[in-house]
file protein.tsv (TSV, C-alpha atoms and all ligand atoms)
chain	number	residue	atom	x	y	z
G	1	MET	CA	-37.96	-22.27	21.51
G	2	PRO	CA	-38.86	-18.98	20.01
G	3	ARG	CA	-37.77	-17.84	16.60
G	4	LYS	CA	-36.89	-14.17	16.78
G	5	LYS	CA	-34.63	-11.55	15.32
G	6	LEU	CA	-31.26	-11.31	17.01
G	7	LYS	CA	-30.12	-7.76	17.61
G	8	ILE	CA	-26.68	-7.39	16.08
G	9	LYS	CA	-24.85	-4.25	15.12
G	10	ALA	CA	-25.46	-4.12	11.41
G	11	SER	CA	-24.48	-0.75	10.09
G	12	ILE	CA	-21.17	0.61	8.93
G	13	ASP	CA	-20.21	4.26	8.49
G	14	TYR	CA	-19.18	5.61	5.11
G	15	LEU	CA	-16.99	8.71	5.09
G	16	SER	CA	-16.24	11.16	2.28
G	17	ILE	CA	-14.93	14.68	3.01
G	18	ILE	CA	-13.53	16.00	-0.29
G	19	ASP	CA	-16.01	15.00	-2.99
G	20	GLY	CA	-15.28	13.77	-6.53
G	21	LYS	CA	-15.00	17.33	-7.79
G	22	GLY	CA	-12.63	18.49	-5.05
G	23	LYS	CA	-15.29	20.26	-2.97
G	24	VAL	CA	-14.94	19.88	0.77
G	25	ASP	CA	-17.69	19.16	3.28
G	26	GLU	CA	-16.94	22.00	5.69
G	27	ALA	CA	-18.56	20.31	8.67
G	28	LEU	CA	-16.38	17.20	8.28
G	29	ASP	CA	-13.12	18.93	7.31
G	30	PRO	CA	-10.60	18.07	10.07
G	31	LYS	CA	-8.75	21.34	9.18
G	32	LEU	CA	-5.37	19.66	9.43
G	33	ASP	CA	-2.23	21.71	9.92
G	34	PRO	CA	-1.13	23.09	6.50
G	35	LYS	CA	2.32	21.55	7.04
G	36	LEU	CA	0.81	18.08	7.40
G	37	LEU	CA	-1.45	18.62	4.39
G	38	LEU	CA	1.53	19.68	2.27
G	39	HIS	CA	3.49	16.68	3.47
G	40	ILE	CA	0.67	14.32	2.42
G	41	TYR	CA	0.53	16.09	-0.95
G	42	ARG	CA	4.28	15.69	-1.42
G	43	LEU	CA	4.08	11.99	-0.57
G	44	MET	CA	1.28	11.50	-3.08
G	45	MET	CA	3.16	13.34	-5.82
G	46	THR	CA	6.38	11.47	-5.04
G	47	ALA	CA	4.53	8.16	-5.28
G	48	ARG	CA	3.08	9.19	-8.63
G	49	ARG	CA	6.33	10.39	-10.17
G	50	LEU	CA	8.30	7.42	-8.86
G	51	ASP	CA	5.60	5.15	-10.28
G	52	GLU	CA	5.88	6.72	-13.73
G	53	ARG	CA	9.64	6.47	-13.64
G	54	CYS	CA	9.51	2.81	-12.57
G	55	ILE	CA	7.21	1.88	-15.46
G	56	ASN	CA	9.68	3.47	-17.90
G	57	MET	CA	12.63	1.79	-16.22
G	58	GLN	CA	10.96	-1.60	-16.42
G	59	ARG	CA	10.33	-1.09	-20.13
G	60	GLN	CA	14.03	-0.25	-20.54
G	61	GLY	CA	15.13	-3.36	-18.63
G	62	ARG	CA	16.54	-1.34	-15.75
G	63	ILE	CA	14.28	-2.87	-13.07
G	64	GLY	CA	12.22	-6.07	-13.01
G	65	THR	CA	8.42	-6.39	-12.78
G	66	TYR	CA	6.78	-3.36	-11.17
G	67	GLY	CA	3.37	-2.99	-9.50
G	68	PRO	CA	2.18	0.61	-9.81
G	69	CYS	CA	-0.02	2.51	-7.33
G	70	ARG	CA	-1.38	5.12	-9.76
G	71	GLY	CA	-4.78	6.25	-8.50
G	72	GLN	CA	-4.26	4.82	-5.00
G	73	GLU	CA	-1.88	7.45	-3.62
G	74	ALA	CA	-4.38	9.08	-1.24
G	75	THR	CA	-5.10	5.81	0.55
G	76	HIS	CA	-1.61	4.79	1.53
G	77	CYS	CA	-0.07	8.27	1.95
G	78	ALA	CA	-2.79	9.69	4.21
G	79	ALA	CA	-2.89	6.59	6.43
G	80	THR	CA	0.82	6.20	7.07
G	81	VAL	CA	1.24	9.77	8.37
G	82	VAL	CA	-1.00	8.94	11.33
G	83	MET	CA	1.50	6.39	12.64
G	84	GLU	CA	4.23	7.37	15.13
G	85	PRO	CA	7.79	6.02	14.70
G	86	GLU	CA	7.20	3.58	17.61
G	87	ASP	CA	4.14	2.16	15.85
G	88	TRP	CA	4.57	-0.49	13.17
G	89	VAL	CA	3.58	-0.25	9.52
G	90	VAL	CA	3.12	-3.54	7.71
G	91	HIS	CA	3.15	-3.13	3.94
G	92	ALA	CA	1.65	-4.97	1.01
G	93	PHE	CA	3.30	-3.94	-2.29
G	94	ARG	CA	1.69	-0.79	-3.68
G	95	GLU	CA	2.71	1.79	-1.05
G	96	PRO	CA	5.85	3.65	-2.16
G	97	GLY	CA	4.61	6.87	-0.49
G	98	SER	CA	4.39	5.08	2.85
G	99	PHE	CA	7.91	3.68	2.57
G	100	TYR	CA	9.17	7.17	1.74
G	101	HIS	CA	7.36	8.75	4.67
G	102	ARG	CA	8.68	6.13	7.10
G	103	GLY	CA	12.27	6.89	6.11
G	104	TRP	CA	13.10	4.35	3.41
G	105	PRO	CA	15.33	5.93	0.76
G	106	LEU	CA	13.57	5.81	-2.63
G	107	GLU	CA	16.50	3.86	-4.05
G	108	THR	CA	15.72	1.04	-1.60
G	109	VAL	CA	12.25	0.80	-3.12
G	110	LEU	CA	13.91	0.68	-6.57
G	111	LYS	CA	16.24	-2.05	-5.34
G	112	PHE	CA	13.28	-4.24	-4.40
G	113	TRP	CA	11.81	-4.00	-7.88
G	114	GLY	CA	15.29	-4.37	-9.36
G	115	GLY	CA	15.50	-7.77	-7.66
G	116	TYR	CA	18.08	-6.81	-5.05
G	117	GLU	CA	17.85	-8.41	-1.63
G	118	GLU	CA	18.71	-5.03	-0.07
G	119	GLY	CA	15.33	-3.72	-1.24
G	120	CYS	CA	13.76	-5.72	1.59
G	121	GLN	CA	15.81	-4.19	4.36
G	122	PRO	CA	14.19	-1.46	6.46
G	123	PRO	CA	16.53	1.36	7.48
G	124	GLU	CA	17.96	1.04	10.99
G	125	GLY	CA	15.32	1.79	13.63
G	126	VAL	CA	12.36	1.94	11.23
G	127	ASN	CA	9.46	-0.17	12.53
G	128	ASP	CA	8.26	-1.40	9.15
G	129	THR	CA	8.03	-4.70	7.37
G	130	PRO	CA	9.17	-4.82	3.74
G	131	ILE	CA	7.02	-5.40	0.65
G	132	ALA	CA	4.95	-8.60	0.99
G	133	VAL	CA	4.08	-10.20	-2.33
G	134	PRO	CA	2.37	-13.39	-1.02
G	135	ILE	CA	-1.13	-11.99	-0.81
G	136	ALA	CA	-2.41	-11.31	2.75
G	137	SER	CA	0.57	-13.09	4.33
G	138	GLN	CA	1.40	-9.80	6.02
G	139	VAL	CA	-1.90	-9.63	7.94
G	140	PRO	CA	-1.03	-12.38	10.48
G	141	HIS	CA	2.41	-10.77	10.80
G	142	ALA	CA	0.73	-7.47	11.68
G	143	MET	CA	-1.59	-9.24	14.10
G	144	GLY	CA	1.45	-10.87	15.75
G	145	LEU	CA	3.13	-7.49	16.17
G	146	ALA	CA	-0.06	-6.11	17.71
G	147	TRP	CA	-0.28	-9.13	19.98
G	148	ALA	CA	3.29	-8.54	21.16
G	149	MET	CA	2.40	-4.91	21.94
G	150	HIS	CA	-0.67	-6.09	23.82
G	151	CYS	CA	1.34	-8.63	25.85
G	152	LYS	CA	4.08	-6.12	26.66
G	153	GLY	CA	1.56	-3.43	27.53
G	154	ASP	CA	3.05	-1.01	24.98
G	155	ASN	CA	0.86	1.88	24.00
G	156	HIS	CA	1.51	1.52	20.26
G	157	ALA	CA	-0.45	0.34	17.25
G	158	VAL	CA	0.04	-1.47	13.95
G	159	LEU	CA	-1.19	-0.35	10.53
G	160	CYS	CA	-1.45	-3.14	7.97
G	161	TYR	CA	-2.15	-2.61	4.25
G	162	CYS	CA	-3.92	-5.32	2.28
G	163	GLY	CA	-5.80	-5.54	-1.04
G	164	ASP	CA	-9.44	-6.44	-1.77
G	165	GLY	CA	-8.20	-9.73	-3.22
G	166	GLY	CA	-6.33	-10.34	0.02
G	167	THR	CA	-9.64	-10.51	1.89
G	168	SER	CA	-10.35	-13.87	0.24
G	169	GLU	CA	-7.29	-15.42	1.84
G	170	GLY	CA	-7.54	-17.39	5.10
G	171	ASP	CA	-4.69	-15.30	6.49
G	172	PHE	CA	-6.88	-12.19	6.49
G	173	HIS	CA	-9.73	-13.92	8.36
G	174	GLU	CA	-7.56	-15.72	10.88
G	175	ALA	CA	-5.73	-12.53	11.75
G	176	LEU	CA	-8.91	-10.48	12.15
G	177	ASN	CA	-10.55	-13.19	14.21
G	178	PHE	CA	-7.63	-13.36	16.63
G	179	ALA	CA	-7.26	-9.58	16.76
G	180	GLY	CA	-10.97	-9.23	17.52
G	181	VAL	CA	-10.90	-11.75	20.38
G	182	TYR	CA	-7.88	-10.16	22.06
G	183	LYS	CA	-8.79	-6.54	21.19
G	184	LEU	CA	-5.42	-6.01	19.60
G	185	PRO	CA	-4.21	-2.53	18.59
G	186	LEU	CA	-4.40	-3.34	14.88
G	187	ILE	CA	-5.70	-1.33	11.92
G	188	VAL	CA	-6.23	-3.37	8.77
G	189	LEU	CA	-6.57	-1.01	5.82
G	190	ILE	CA	-8.05	-2.66	2.75
G	191	GLN	CA	-7.07	-0.87	-0.43
G	192	ASN	CA	-10.14	-1.86	-2.42
G	193	ASN	CA	-8.92	-0.96	-5.90
G	194	GLN	CA	-11.75	-2.98	-7.47
G	195	TRP	CA	-9.50	-5.62	-9.03
G	196	ALA	CA	-7.25	-8.49	-7.99
G	197	ILE	CA	-5.36	-8.81	-11.26
G	198	SER	CA	-8.31	-9.77	-13.53
G	199	ILE	CA	-10.81	-10.72	-10.79
G	200	PRO	CA	-13.31	-7.93	-10.12
G	201	ARG	CA	-14.39	-7.01	-6.62
G	202	GLU	CA	-17.87	-8.60	-7.17
G	203	LYS	CA	-16.26	-11.99	-7.76
G	204	GLN	CA	-14.07	-11.62	-4.68
G	205	THR	CA	-16.92	-11.59	-2.16
G	206	ALA	CA	-20.71	-11.64	-2.12
G	207	SER	CA	-20.71	-9.08	0.73
G	208	GLU	CA	-22.06	-5.67	-0.18
G	209	THR	CA	-18.97	-4.08	1.35
G	210	ILE	CA	-15.65	-5.32	2.63
G	211	ALA	CA	-15.97	-3.07	5.69
G	212	GLN	CA	-18.96	-5.07	6.97
G	213	LYS	CA	-16.75	-8.12	7.50
G	214	ALA	CA	-15.73	-6.27	10.68
G	215	ILE	CA	-19.14	-7.03	12.19
G	216	ALA	CA	-18.54	-10.79	12.14
G	217	TYR	CA	-15.20	-10.41	13.89
G	218	GLY	CA	-16.55	-8.03	16.52
G	219	VAL	CA	-14.24	-5.21	15.50
G	220	GLU	CA	-14.93	-1.67	14.31
G	221	GLY	CA	-15.41	-1.21	10.58
G	222	ILE	CA	-15.70	1.79	8.29
G	223	GLN	CA	-15.78	2.39	4.54
G	224	VAL	CA	-14.13	5.57	3.24
G	225	ASP	CA	-13.53	7.26	-0.06
G	226	GLY	CA	-9.99	6.05	-0.62
G	227	ASN	CA	-9.32	8.75	-3.21
G	228	ASP	CA	-9.85	11.43	-0.57
G	229	PRO	CA	-6.84	11.81	1.73
G	230	LEU	CA	-8.87	13.62	4.40
G	231	SER	CA	-11.35	10.74	4.77
G	232	VAL	CA	-8.53	8.21	4.95
G	233	TYR	CA	-6.67	10.34	7.51
G	234	VAL	CA	-9.72	10.85	9.75
G	235	ALA	CA	-10.71	7.16	9.72
G	236	THR	CA	-7.14	6.02	10.41
G	237	LYS	CA	-6.67	8.58	13.19
G	238	GLU	CA	-9.90	7.50	14.88
G	239	ALA	CA	-8.83	3.87	14.57
G	240	VAL	CA	-5.34	4.50	15.97
G	241	ASP	CA	-6.68	6.56	18.89
G	242	ARG	CA	-9.16	3.79	19.66
G	243	ALA	CA	-6.46	1.09	19.40
G	244	LYS	CA	-4.16	3.00	21.75
G	245	SER	CA	-6.87	3.51	24.31
G	246	GLY	CA	-7.68	-0.21	24.53
G	247	GLY	CA	-10.58	-0.16	22.06
G	248	GLY	CA	-9.10	-2.85	19.84
G	249	THR	CA	-9.00	-3.49	16.13
G	250	THR	CA	-10.46	-1.60	13.16
G	251	LEU	CA	-11.07	-2.72	9.60
G	252	ILE	CA	-11.02	0.20	7.15
G	253	GLU	CA	-12.14	-0.30	3.57
G	254	ALA	CA	-10.74	2.46	1.36
G	255	VAL	CA	-12.63	2.52	-1.94
G	256	THR	CA	-10.18	3.41	-4.68
G	257	TYR	CA	-9.13	2.26	-8.14
G	258	ARG	CA	-6.02	0.91	-9.79
G	259	LEU	CA	-5.71	3.25	-12.77
G	260	GLY	CA	-2.68	1.44	-14.18
G	261	VAL	CA	-1.69	-2.11	-14.96
G	262	HIS	CA	-1.70	-4.72	-12.18
G	263	THR	CA	2.00	-5.08	-12.81
G	264	THR	CA	4.15	-4.47	-15.84
G	265	ALA	CA	3.47	-8.12	-16.75
G	266	ASP	CA	-0.27	-7.43	-17.17
G	267	ASP	CA	-2.57	-6.11	-19.92
G	268	PRO	CA	-5.79	-4.85	-18.25
G	269	LYS	CA	-7.43	-4.18	-21.64
G	270	LYS	CA	-8.09	-7.92	-21.73
G	271	TYR	CA	-10.48	-7.79	-18.76
G	272	ARG	CA	-11.81	-4.26	-18.13
G	273	SER	CA	-13.35	-1.53	-20.25
G	274	ASP	CA	-11.84	1.82	-21.18
G	275	ALA	CA	-15.10	3.43	-20.03
G	276	GLU	CA	-14.61	2.08	-16.50
G	277	VAL	CA	-11.06	3.43	-16.35
G	278	ALA	CA	-12.22	6.80	-17.74
G	279	LYS	CA	-14.87	7.03	-15.01
G	280	TRP	CA	-12.24	6.56	-12.31
G	281	GLU	CA	-9.73	8.88	-14.02
G	282	LYS	CA	-12.22	11.65	-13.21
G	283	LEU	CA	-11.93	10.70	-9.53
G	284	ASP	CA	-8.11	10.82	-9.53
G	285	PRO	CA	-7.10	11.80	-5.97
G	286	ILE	CA	-4.36	14.23	-7.01
G	287	PRO	CA	-6.34	16.98	-8.83
G	288	ARG	CA	-9.04	16.75	-6.16
G	289	PHE	CA	-6.55	17.30	-3.35
G	290	GLN	CA	-4.82	20.08	-5.31
G	291	LYS	CA	-8.17	21.86	-5.67
G	292	TYR	CA	-8.81	21.61	-1.93
G	293	LEU	CA	-5.30	22.85	-1.09
G	294	LYS	CA	-5.63	25.77	-3.51
G	295	GLU	CA	-8.94	26.75	-1.98
G	296	ARG	CA	-7.35	26.69	1.47
G	297	LYS	CA	-4.53	28.86	0.04
G	298	ILE	CA	-1.97	26.22	0.91
G	299	LEU	CA	-0.95	25.61	-2.71
G	300	ASP	CA	-0.81	27.83	-5.78
G	301	LYS	CA	0.51	27.48	-9.31
G	302	ALA	CA	4.04	28.52	-8.32
G	303	SER	CA	4.28	26.16	-5.33
G	304	ILE	CA	2.85	23.27	-7.37
G	305	GLU	CA	5.63	23.81	-9.94
G	306	LYS	CA	8.30	24.16	-7.26
G	307	ILE	CA	7.26	20.93	-5.52
G	308	GLU	CA	7.09	19.16	-8.87
G	309	LYS	CA	10.69	20.16	-9.69
G	310	GLU	CA	11.93	19.09	-6.26
G	311	ILE	CA	10.22	15.71	-6.55
G	312	LEU	CA	11.55	15.05	-10.04
G	313	ALA	CA	15.06	15.87	-8.77
G	314	GLU	CA	14.58	13.55	-5.77
G	315	VAL	CA	13.40	10.70	-8.01
G	316	ALA	CA	16.24	11.28	-10.49
G	317	GLY	CA	18.75	11.21	-7.60
G	318	ALA	CA	17.27	7.94	-6.32
G	319	VAL	CA	17.57	6.38	-9.79
G	320	GLU	CA	21.22	7.45	-9.97
G	321	ARG	CA	21.97	6.06	-6.53
G	322	TYR	CA	20.16	2.82	-7.38
G	323	GLU	CA	22.12	2.38	-10.58
G	324	ALA	CA	25.38	3.12	-8.81
G	325	CYS	CA	24.75	0.15	-6.48
G	326	ARG	CA	25.61	-2.62	-8.85
G	327	ASP	CA	28.34	-4.17	-6.78
G	328	VAL	CA	26.14	-7.14	-5.91
G	329	ASP	CA	27.20	-10.46	-7.38
G	330	PRO	CA	24.15	-11.81	-9.24
G	331	MET	CA	25.28	-15.37	-8.43
G	332	ASP	CA	24.32	-14.62	-4.80
G	333	CYS	CA	20.74	-15.66	-5.58
G	334	PHE	CA	22.03	-19.22	-6.04
G	335	ASP	CA	24.90	-19.28	-3.58
G	336	TYR	CA	23.21	-18.29	-0.35
G	337	LEU	CA	19.82	-19.95	-0.61
G	338	LEU	CA	20.32	-23.65	0.11
G	339	ALA	CA	23.03	-25.52	2.02
G	340	GLU	CA	23.11	-28.13	-0.73
G	341	MET	CA	22.02	-27.17	-4.22
G	342	PRO	CA	19.90	-29.73	-6.10
G	343	GLN	CA	21.16	-30.76	-9.55
G	344	GLU	CA	18.50	-28.63	-11.27
G	345	LEU	CA	19.82	-25.47	-9.61
G	346	VAL	CA	23.43	-26.45	-10.28
G	347	GLU	CA	22.52	-26.55	-13.97
G	348	GLN	CA	20.62	-23.25	-13.82
G	349	ARG	CA	23.57	-21.65	-12.06
G	350	ALA	CA	25.94	-22.81	-14.80
G	351	GLU	CA	23.55	-21.53	-17.48
G	352	PHE	CA	23.25	-18.16	-15.73
G	353	ALA	CA	27.03	-17.88	-15.30
G	354	ALA	CA	27.48	-18.58	-19.03
G	355	CYS	CA	24.90	-15.91	-19.86
G	356	ILE	CA	26.73	-13.33	-17.72
G	357	GLU	CA	30.03	-14.36	-19.30
G	358	ARG	CA	28.50	-13.84	-22.74
G	359	GLU	CA	26.49	-10.65	-22.16
G	360	GLY	CA	27.99	-9.01	-19.08
G	361	VAL	CA	26.14	-8.00	-15.90
G	362	GLY	CA	23.29	-5.60	-16.52
G	363	LEU	CA	20.30	-4.39	-14.56
G	364	GLY	CA	18.08	-6.36	-16.91
G	365	HIS	CA	19.38	-9.62	-15.49
G	401	LIG	C1	-0.76	-16.18	-1.96
G	401	LIG	C2	-0.69	-15.59	-3.32
G	401	LIG	N1	-1.51	-16.03	-4.29
G	401	LIG	C3	-1.45	-15.49	-5.54
G	401	LIG	C4	-0.57	-14.49	-5.81
G	401	LIG	C5	-0.52	-13.86	-7.18
G	401	LIG	N2	-1.06	-12.49	-7.08
G	401	LIG	C6	-0.25	-11.42	-7.05
G	401	LIG	S1	-1.11	-10.00	-6.87
G	401	LIG	C7	-2.58	-10.81	-6.85
G	401	LIG	C8	-3.88	-10.07	-6.71
G	401	LIG	C9	-3.96	-9.32	-5.45
G	401	LIG	O1	-5.12	-8.56	-5.44
G	401	LIG	P1	-5.42	-7.54	-4.28
G	401	LIG	O2	-5.25	-8.21	-2.97
G	401	LIG	O3	-6.72	-6.92	-4.57
G	401	LIG	O4	-4.23	-6.48	-4.41
G	401	LIG	P2	-3.91	-5.51	-5.63
G	401	LIG	O5	-3.00	-6.24	-6.54
G	401	LIG	O6	-5.20	-5.16	-6.30
G	401	LIG	O7	-3.25	-4.33	-5.00
G	401	LIG	C10	-2.39	-12.18	-6.98
G	401	LIG	C11	-3.48	-13.17	-7.02
G	401	LIG	C12	0.30	-14.06	-4.77
G	401	LIG	N3	1.16	-13.07	-4.95
G	401	LIG	N4	0.21	-14.61	-3.55
G	402	MG	MG	-7.12	-5.18	-5.53
call {"tool": "encode", "arguments": {"input": "protein.tsv", "output": "structure tokens"}}
result
Amino acid sequence: MPRKKLKIKASIDYLSIIDGKGKVDEALDPKLDPKLLLHIYRLMMTARRLDERCINMQRQGRIGTYGPCRGQEATHCAATVVMEPEDWVVHAFREPGSFYHRGWPLETVLKFWGGYEEGCQPPEGVNDTPIAVPIASQVPHAMGLAWAMHCKGDNHAVLCYCGDGGTSEGDFHEALNFAGVYKLPLIVLIQNNQWAISIPREKQTASETIAQKAIAYGVEGIQVDGNDPLSVYVATKEAVDRAKSGGGTTLIEAVTYRLGVHTTADDPKKYRSDAEVAKWEKLDPIPRFQKYLKERKILDKASIEKIEKEILAEVAGAVERYEACRDVDPMDCFDYLLAEMPQELVEQRAEFAACIEREGVGLGH
């Protein structure tokens, strides 16, 4: 038997259109409609301002633990806009801009982080799944949706967000394997923000890239600059067009960075250097996109200020509406979970009821 080199496809594209300094590669610029570009910009700014507000609200005890997306806005906002309402978007937990774009009121996002059940409920007719905290559990769900589309012969696609840490879970591999075999219309977008809480990307996988895992599953793979909305948009659009024309699944690795804490329960100073964060601060997607939009004469100082004011008002309105929705009985979390409560929960319920009796119902509870 001979020993020889097997010919396998072993290269993956990397795409970057707006560079780290905000300069565009003219040949690669998809020259998107200014309206769409402004919409992506608004989504990114809304995600950022909502994020900042949520951190403050958590510190004030007005919502529970919060997982910010600061630094990752370009990745999730530029991908979601590619999807049509009939398509499905399957979320992880750092994509407020995508929820907003798909029609979720911002106060629903606040409700999730405030611990309200209603924060998990998509608005009527919106083909989205809610926030998924169990890491990578959403990837088989997305694959199942894509399988259903495939079986029904629908011409739609599914976009699924997942983290770099999520790629170490069996769920991620099983879903990609199945999707590859059946050529399902699925786009798995890995938001490689370099960290899974305190575990760096290098300890997550020995692969040089996450995108190359596509090769093993026989699906398309591409790595993009995840802090450049144009690169994310182009790669997602290509993937969706391919999925809808029977070309199957794509794995996109968007290289980005979590500029903030993992969640408000985390102190990243314990595991990463200030110098690393400072390096990525310089690659912040928002100033880069602003520079591009100014050069294309789509934004100027006055419109930046106007949009900023509108977004702050929108976020403030959402906070007000969220705080006005306190007619939920906090005992519900005990009363509607199990048919028969075990003794331990009976005791916890009594303790909680006594606490409410003593201190009143507040959003900190
Ligand atoms: C199945 C499971 N294991 C552990 C956790 C605890 N946990 C929450 S977030 C996280 C890290 C996730 O990292 P990554 O997938 O890179 O997403 P990121 O937080 O960076 O967006 C872990 C381990 C969890 N939520 N679910
Ligand atoms: Mg991560």
call {"tool": "closest_residue", "arguments": {"input": "protein.tsv", "among": "G:Arg201, G:Lys269, G:Lys306, G:Lys152", "to": "ligand LIG 401 (chain G)", "atoms": "only C-alpha atoms and all ligand atoms"}}
result
G:Arg201
call {"tool": "closest_atom_pairs", "arguments": {"input": "protein.tsv", "of": "chain G", "to": "ligand MG 402 (chain G)", "cutoff": "6 Å", "atoms": "all atoms listed in the file", "output": "JSON lines"}}
result
{"residue": "G:Gly163", "atom": "CA", "partner": "G:MG402", "partner_atom": "MG", "distance": 4.7}
{"residue": "G:Asp164", "atom": "CA", "partner": "G:MG402", "partner_atom": "MG", "distance": 4.6}
{"residue": "G:Gly165", "atom": "CA", "partner": "G:MG402", "partner_atom": "MG", "distance": 5.2}
{"residue": "G:Asn192", "atom": "CA", "partner": "G:MG402", "partner_atom": "MG", "distance": 5.5}
{"residue": "G:Asn193", "atom": "CA", "partner": "G:MG402", "partner_atom": "MG", "distance": 4.6}
{"residue": "G:Gln194", "atom": "CA", "partner": "G:MG402", "partner_atom": "MG", "distance": 5.5}
{"residue": "G:Trp195", "atom": "CA", "partner": "G:MG402", "partner_atom": "MG", "distance": 4.3}
{"residue": "G:Ala196", "atom": "CA", "partner": "G:MG402", "partner_atom": "MG", "distance": 4.1}
call {"tool": "closest_residue", "arguments": {"input": "protein.tsv", "among": "G:His39, G:Lys294, G:His156, G:Lys9", "to": "Asp241 in chain G", "atoms": "all atoms listed in the file"}}
result
G:His156
call {"tool": "closest_residue", "arguments": {"input": "protein.tsv", "among": "G:Val126, G:Ala211, G:Leu37, G:Ile197", "to": "Val261 in chain G", "atoms": "all atoms listed in the file"}}
result
G:Ile197
call {"tool": "closest_residue", "arguments": {"input": "protein.tsv", "among": "G:Ile199, G:Ala313, G:Ala254, G:Leu230", "to": "Leu293 in chain G", "atoms": "all atoms listed in the file"}}
result
G:Leu230
call {"tool": "residues_near_ligand", "arguments": {"input": "protein.tsv", "ligand": "ligand LIG 401 (chain G)", "cutoff": "9 Å", "atoms": "only C-alpha atoms and all ligand atoms", "output": "number ranges by chain"}}
result
G: 67-69, 92-94, 132-137, 162-169, 190-201, 204, 257-258, 262-263
call {"tool": "atom_distance", "arguments": {"input": "protein.tsv", "atom1": "CA of Lys291 in chain G", "atom2": "CA of Tyr161 in chain G"}}
result
27.1 Å
call {"tool": "closest_residue", "arguments": {"input": "protein.tsv", "among": "G:Tyr292, G:Met341, G:Leu189, G:Met57", "to": "Val24 in chain G", "atoms": "only C-alpha atoms"}}
result
G:Tyr292
call {"tool": "atom_distance", "arguments": {"input": "protein.tsv", "atom1": "CA of Cys54 in chain G", "atom2": "CA of Tyr66 in chain G"}}
result
6.9 Å
